[in-house]
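coords-v5.cif, holding mmCIF, C-alpha atoms:
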data_start
loop_
_atom_site.group_PDB
_atom_site.id
_atom_site.type_symbol
_atom_site.label_atom_id
_atom_site.label_comp_id
_atom_site.auth_asym_id
_atom_site.auth_seq_id
_atom_site.Cartn_x
_atom_site.Cartn_y
_atom_site.Cartn_z
ATOM 1 C CA MET A 1 231.990 35.929 49.338
ATOM 2 C CA LYS A 2 228.387 34.857 49.457
ATOM 3 C CA LYS A 3 227.998 36.560 52.814
ATOM 4 C CA LYS A 4 229.404 39.821 51.394
ATOM 5 C CA LEU A 5 226.944 39.668 48.474
ATOM 6 C CA LEU A 6 224.030 39.055 50.817
ATOM 7 C CA VAL A 7 225.081 41.997 52.958
ATOM 8 C CA ILE A 8 225.373 44.288 49.905
ATOM 9 C CA ILE A 9 221.970 43.093 48.563
ATOM 10 C CA CYS A 10 220.355 43.719 51.957
ATOM 11 C CA ILE A 11 221.881 47.225 52.134
ATOM 12 C CA LEU A 12 220.696 48.020 48.561
ATOM 13 C CA ALA A 13 217.180 46.723 49.313
ATOM 14 C CA THR A 14 217.042 48.840 52.449
ATOM 15 C CA VAL A 15 218.205 51.978 50.555
ATOM 16 C CA ILE A 16 215.693 51.327 47.741
ATOM 17 C CA ALA A 17 212.901 50.817 50.258
ATOM 18 C CA ILE A 18 213.762 54.060 52.113
ATOM 19 C CA PHE A 19 214.067 56.029 48.840
ATOM 20 C CA GLY A 20 210.762 54.668 47.586
ATOM 21 C CA TYR A 21 209.087 55.602 50.867
ATOM 22 C CA PHE A 22 210.279 59.213 50.702
ATOM 23 C CA ASN A 23 209.251 59.499 47.034
ATOM 24 C CA LYS A 24 205.692 58.379 47.888
ATOM 25 C CA LYS A 25 205.427 60.854 50.726
ATOM 26 C CA GLU A 26 206.489 63.818 48.571
ATOM 27 C CA GLU A 27 204.036 63.026 45.713
ATOM 28 C CA VAL A 28 200.681 64.728 46.096
ATOM 29 C CA PRO A 29 197.708 63.305 44.229
ATOM 30 C CA LYS A 30 196.240 65.594 41.592
ATOM 31 C CA GLU A 31 192.725 65.211 42.934
ATOM 32 C CA ALA A 32 193.914 66.208 46.439
ATOM 33 C CA VAL A 33 195.346 69.446 45.013
ATOM 34 C CA LYS A 34 192.383 70.345 42.845
ATOM 35 C CA LYS A 35 189.639 69.755 45.393
ATOM 36 C CA PRO A 36 190.665 72.462 47.927
ATOM 37 C CA VAL A 37 190.949 74.991 45.065
ATOM 38 C CA ILE A 38 187.437 74.171 43.897
ATOM 39 C CA LYS A 39 186.107 74.528 47.422
ATOM 40 C CA GLN A 40 187.850 77.866 47.835
ATOM 41 C CA GLU A 41 186.375 79.155 44.540
ATOM 42 C CA GLU A 42 182.919 77.963 45.530
ATOM 43 C CA ASN A 43 183.247 79.722 48.894
ATOM 44 C CA GLU A 44 184.286 82.935 47.177
ATOM 45 C CA GLU A 45 181.323 82.724 44.757
ATOM 46 C CA ILE A 46 178.933 82.137 47.667
ATOM 47 C CA LYS A 47 180.390 85.126 49.493
ATOM 48 C CA GLU A 48 179.985 87.312 46.388
ATOM 49 C CA VAL A 49 176.340 86.220 45.992
ATOM 50 C CA GLU A 50 175.709 86.918 49.675
ATOM 51 C CA LYS A 51 177.243 90.372 49.304
ATOM 52 C CA GLU A 52 175.020 91.107 46.278
ATOM 53 C CA VAL A 53 171.931 90.002 48.214
ATOM 54 C CA VAL A 54 172.860 92.236 51.155
ATOM 55 C CA VAL A 55 173.547 95.200 48.857
ATOM 56 C CA LYS A 56 170.228 94.640 47.047
ATOM 57 C CA LYS A 57 168.350 94.502 50.356
ATOM 58 C CA GLU A 58 170.018 97.730 51.480
ATOM 59 C CA ASP A 59 169.137 99.401 48.149
ATOM 60 C CA ASP A 60 165.516 98.240 48.475
ATOM 61 C CA LYS A 61 165.367 99.668 51.992
ATOM 62 C CA LYS A 62 166.802 102.960 50.751
ATOM 63 C CA GLU A 63 164.195 103.105 47.955
ATOM 64 C CA ILE A 64 161.373 102.506 50.442
ATOM 65 C CA ILE A 65 162.750 105.183 52.772
ATOM 66 C CA ASP A 66 163.234 107.614 49.882
ATOM 67 C CA SER A 67 159.697 107.006 48.637
ATOM 68 C CA LYS A 68 158.317 107.677 52.113
ATOM 69 C CA GLU A 69 160.395 110.825 52.395
ATOM 70 C CA ILE A 70 159.118 112.009 48.997
ATOM 71 C CA LYS A 71 155.476 111.432 49.931
ATOM 72 C CA LYS A 72 155.668 113.262 53.254
ATOM 73 C CA PRO A 73 156.716 116.626 51.803
ATOM 74 C CA ASP A 74 153.775 116.426 49.376
ATOM 75 C CA ASN A 75 151.281 116.267 52.227
ATOM 76 C CA GLU A 76 153.120 118.945 54.144
ATOM 77 C CA SER A 77 153.343 121.193 51.084
ATOM 78 C CA ILE A 78 149.584 120.847 50.532
ATOM 79 C CA LYS A 79 148.942 121.869 54.128
ATOM 80 C CA LYS A 80 151.413 124.744 53.860
ATOM 81 C CA ALA A 81 149.816 125.888 50.597
ATOM 82 C CA ALA A 82 146.356 125.787 52.188
ATOM 83 C CA LYS A 83 147.440 127.823 55.239
ATOM 84 C CA PRO A 84 148.280 131.068 53.393
ATOM 85 C CA VAL A 85 144.880 130.948 51.639
ATOM 86 C CA GLU A 86 143.110 130.495 54.981
ATOM 87 C CA GLU A 87 145.198 133.214 56.594
ATOM 88 C CA GLU A 88 144.534 135.556 53.677
ATOM 89 C CA ALA A 89 140.790 134.894 53.936
ATOM 90 C CA GLU A 90 140.926 135.659 57.645
ATOM 91 C CA GLU A 91 142.914 138.858 57.072
ATOM 92 C CA ILE A 92 140.340 140.328 54.600
ATOM 93 C CA GLU A 93 137.936 142.236 56.806
ATOM 94 C CA VAL A 94 134.489 142.968 55.362
ATOM 95 C CA THR A 95 133.597 146.593 56.042
ATOM 96 C CA GLU A 96 130.679 148.740 54.948
ATOM 97 C CA GLY A 97 133.069 150.582 52.648
ATOM 98 C CA THR A 98 134.227 147.383 50.884
ATOM 99 C CA ILE A 99 130.605 146.298 50.363
ATOM 100 C CA VAL A 100 129.579 149.698 48.933
ATOM 101 C CA GLN A 101 132.646 149.748 46.676
ATOM 102 C CA LYS A 102 131.869 146.242 45.398
ATOM 103 C CA TYR A 103 128.270 147.071 44.400
ATOM 104 C CA THR A 104 129.031 150.597 43.133
ATOM 105 C CA LYS A 105 131.323 148.956 40.578
ATOM 106 C CA GLN A 106 128.508 146.578 39.544
ATOM 107 C CA PHE A 107 126.067 149.494 39.160
ATOM 108 C CA ALA A 108 128.589 151.383 36.993
ATOM 109 C CA ASN A 109 129.064 148.320 34.733
ATOM 110 C CA LEU A 110 125.292 147.952 34.438
ATOM 111 C CA LYS A 111 124.886 151.633 33.492
ATOM 112 C CA SER A 112 127.596 151.343 30.828
ATOM 113 C CA GLU A 113 125.997 148.200 29.382
ATOM 114 C CA PHE A 114 122.490 149.668 29.064
ATOM 115 C CA ASN A 115 123.697 153.041 27.786
ATOM 116 C CA GLY A 116 125.297 151.072 24.961
ATOM 117 C CA LYS A 117 122.066 149.174 24.287
ATOM 118 C CA LEU A 118 120.057 152.408 24.314
ATOM 119 C CA ALA A 119 122.488 154.056 21.897
ATOM 120 C CA THR A 120 122.122 151.034 19.567
ATOM 121 C CA LEU A 121 118.308 151.285 19.767
ATOM 122 C CA LEU A 122 118.350 155.022 18.960
ATOM 123 C CA GLY A 123 120.686 154.347 16.043
ATOM 124 C CA GLU A 124 118.261 151.762 14.647
ATOM 125 C CA ALA A 125 115.318 154.182 14.979
ATOM 126 C CA LYS A 126 117.228 156.976 13.261
ATOM 127 C CA GLY A 127 118.394 154.661 10.486
ATOM 128 C CA GLU A 128 114.904 153.355 9.834
ATOM 129 C CA TYR A 129 113.469 156.878 9.812
ATOM 130 C CA ASN A 130 116.112 158.194 7.392
ATOM 131 C CA ALA A 131 115.482 155.268 5.064
ATOM 132 C CA LEU A 132 111.883 156.447 4.535
ATOM 133 C CA SER A 133 110.897 158.735 1.712
ATOM 134 C CA ASP A 134 109.834 162.280 2.504
ATOM 135 C CA GLU A 135 106.163 161.354 2.064
ATOM 136 C CA ASP A 136 106.488 158.244 4.257
ATOM 137 C CA LYS A 137 108.325 160.171 6.938
ATOM 138 C CA MET A 138 105.254 162.280 7.539
ATOM 139 C CA SER A 139 102.865 159.311 7.599
ATOM 140 C CA GLU A 140 105.124 156.803 9.362
ATOM 141 C CA LYS A 141 106.651 159.152 11.914
ATOM 142 C CA PHE A 142 104.026 158.471 14.581
ATOM 143 C CA SER A 143 103.948 154.661 14.174
ATOM 144 C CA LEU A 144 107.725 154.549 14.042
ATOM 145 C CA GLY A 145 107.892 156.561 17.275
ATOM 146 C CA LEU A 146 105.474 154.140 19.011
ATOM 147 C CA LYS A 147 107.481 151.152 17.785
ATOM 148 C CA TYR A 148 110.725 152.357 19.294
ATOM 149 C CA LEU A 149 109.033 153.713 22.384
ATOM 150 C CA LYS A 150 107.827 150.162 23.053
ATOM 151 C CA LYS A 151 111.367 148.825 22.538
ATOM 152 C CA GLY A 152 112.697 151.515 24.853
ATOM 153 C CA LYS A 153 110.233 150.517 27.579
ATOM 154 C CA ALA A 154 111.281 146.852 27.266
ATOM 155 C CA LEU A 155 114.907 147.886 27.579
ATOM 156 C CA GLU A 156 114.088 150.003 30.656
ATOM 157 C CA LYS A 157 112.267 147.066 32.234
ATOM 158 C CA GLU A 158 115.257 144.792 31.650
ATOM 159 C CA CYS A 159 117.582 147.385 33.157
ATOM 160 C CA ASP A 160 115.312 147.823 36.210
ATOM 161 C CA GLY A 161 115.240 144.049 36.795
ATOM 162 C CA ARG A 162 119.042 143.809 36.678
ATOM 163 C CA PHE A 163 119.546 146.879 38.900
ATOM 164 C CA TYR A 164 117.123 145.825 41.629
ATOM 165 C CA GLY A 165 118.553 142.311 41.619
ATOM 166 C CA VAL A 166 122.018 143.701 42.394
ATOM 167 C CA LEU A 167 120.512 146.118 44.934
ATOM 168 C CA ASP A 168 118.858 143.209 46.798
ATOM 169 C CA GLU A 169 122.228 141.431 46.993
ATOM 170 C CA MET A 170 123.785 144.605 48.396
ATOM 171 C CA LYS A 171 121.081 144.901 51.060
ATOM 172 C CA LYS A 172 121.479 141.240 52.028
ATOM 173 C CA GLU A 173 125.261 141.551 52.459
ATOM 174 C CA LEU A 174 124.888 144.735 54.512
ATOM 175 C CA GLU A 175 122.349 143.066 56.804
ATOM 176 C CA GLU A 176 124.482 139.919 57.226
ATOM 177 C CA ASN A 177 127.383 142.076 58.418
ATOM 178 C CA GLU A 178 125.073 144.233 60.585
ATOM 179 C CA TYR A 179 125.595 147.459 58.638
ATOM 180 C CA SER A 180 123.104 150.220 57.862
ATOM 181 C CA LEU A 181 121.055 150.063 54.648
ATOM 182 C CA ASP A 182 121.461 153.788 54.025
ATOM 183 C CA SER A 183 124.044 153.215 51.261
ATOM 184 C CA ALA A 184 121.586 150.918 49.451
ATOM 185 C CA GLY A 185 118.878 153.594 49.705
ATOM 186 C CA THR A 186 121.290 156.178 48.301
ATOM 187 C CA ALA A 187 122.107 153.895 45.339
ATOM 188 C CA LYS A 188 118.408 153.428 44.595
ATOM 189 C CA ALA A 189 117.698 157.174 44.715
ATOM 190 C CA GLU A 190 120.668 157.898 42.423
ATOM 191 C CA TYR A 191 119.449 155.310 39.894
ATOM 192 C CA LYS A 192 115.961 156.839 39.733
ATOM 193 C CA LYS A 193 117.416 160.323 39.345
ATOM 194 C CA GLN A 194 119.726 159.313 36.477
ATOM 195 C CA LYS A 195 116.940 157.419 34.717
ATOM 196 C CA SER A 196 114.587 160.440 34.946
ATOM 197 C CA GLU A 197 117.232 162.802 33.576
ATOM 198 C CA ARG A 198 117.988 160.418 30.733
ATOM 199 C CA ARG A 199 114.289 160.168 29.789
ATOM 200 C CA LYS A 200 113.903 163.974 29.720
ATOM 201 C CA ALA A 201 116.967 164.318 27.503
ATOM 202 C CA LEU A 202 115.641 161.745 25.040
ATOM 203 C CA MET A 203 112.186 163.433 24.926
ATOM 204 C CA LYS A 204 113.775 166.789 24.117
ATOM 205 C CA LYS A 205 115.813 165.201 21.359
ATOM 206 C CA ALA A 206 112.759 163.451 19.918
ATOM 207 C CA LEU A 207 110.749 166.687 19.920
ATOM 208 C CA GLY A 208 113.614 168.580 18.325
ATOM 209 C CA LYS A 209 114.130 170.913 21.266
#

Now, as a test, write the supplied structure out as structure tokens.
Amino acid sequence: MKKKLLVIICILATVIAIFGYFNKKEEVPKEAVKKPVIKQEENEEIKEVEKEVVVKKEDDKKEIIDSKEIKKPDNESIKKAAKPVEEEAEEIEVTEGTIVQKYTKQFANLKSEFNGKLATLLGEAKGEYNALSDEDKMSEKFSLGLKYLKKGKALEKECDGRFYGVLDEMKKELEENEYSLDSAGTAKAEYKKQKSERRKALMKKALGK
């Protein structure tokens, strides 16, 4: 009987030992489970950071490239804008006709300006004369005439100075381009003729003819 009990006890101890062994093997410590998960999360975070760094570097490179590409067209556009101006300047040929036309326009503007000044001067003289009494008109007529004759001479002198200044510029430009000065001589002769005719007309008007 004792032998049977010993055998049963031994068998039970063996079964308990085997069962306990398998239970230990199947249990996984909590720390052992958690640690790999933490490492995996850390690895994923590191990878995400690395990706962001790479993307940022690529964006920075793109910005640098874009900025260079933006600057280049500016320089090219300036050169392109300058070329048409240079080409246009080269295309404009200076001829004797263009020079004469240029200064003829200046002479016409000068004539218009001084005709206006002369008309203003004559208007002042007439107004001052009409403001006099009948008695004063007889006595002041001569002095009034001298006064405005002096003003007229000053105006003529101013006009002569302006005209001959423009004429000298015309001569200079003709000479620089190796053209004849005949057109400048013609302009001078025409100016003297017009001035003489204008003086005669004013004298007739003053004398009541």

Given the PyMOL selection byres ((chain A and resi 104) around 10), the residues it picks as a count of residues only: 18

Starting from the displayed file, determine the output of the PyMOL selection byres ((chain A and resi 191) around 12) and express the residue list as an MDAnalysis selection string. chainID A and resid 104 107:108 110:111 156 159:160 162:164 167 184:190 192:198

Given 4 Å on each side, where is the centre and what are the edge lengths in Å to one decimal of the axis-aligned box enclosing the listed atoms of stretch 184-193 of chain A, as AutoDock Vina command-line options?
--center_x 119.0 --center_y 155.6 --center_z 44.5 --size_x 14.1 --size_y 17.4 --size_z 18.4

When you draw a straight line from atom CA of A:Met138 to atom CA of A:Gly152, how long is it in Å?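 About the pair atom CA of A:Met138 and atom CA of A:Gly152: they are 21.7 Å apart.
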
Separation of atom CA of A:Leu149 from atom CA of A:Glu135, in Å and rounded to one decimal: 21.9 Å

Contacts of stretch 122-127 of chain A at 8 Å (all atoms listed in the file; same-chain gap of 4+ positions) as a PyMOL selection string: chain A and resi 118+131+144+148
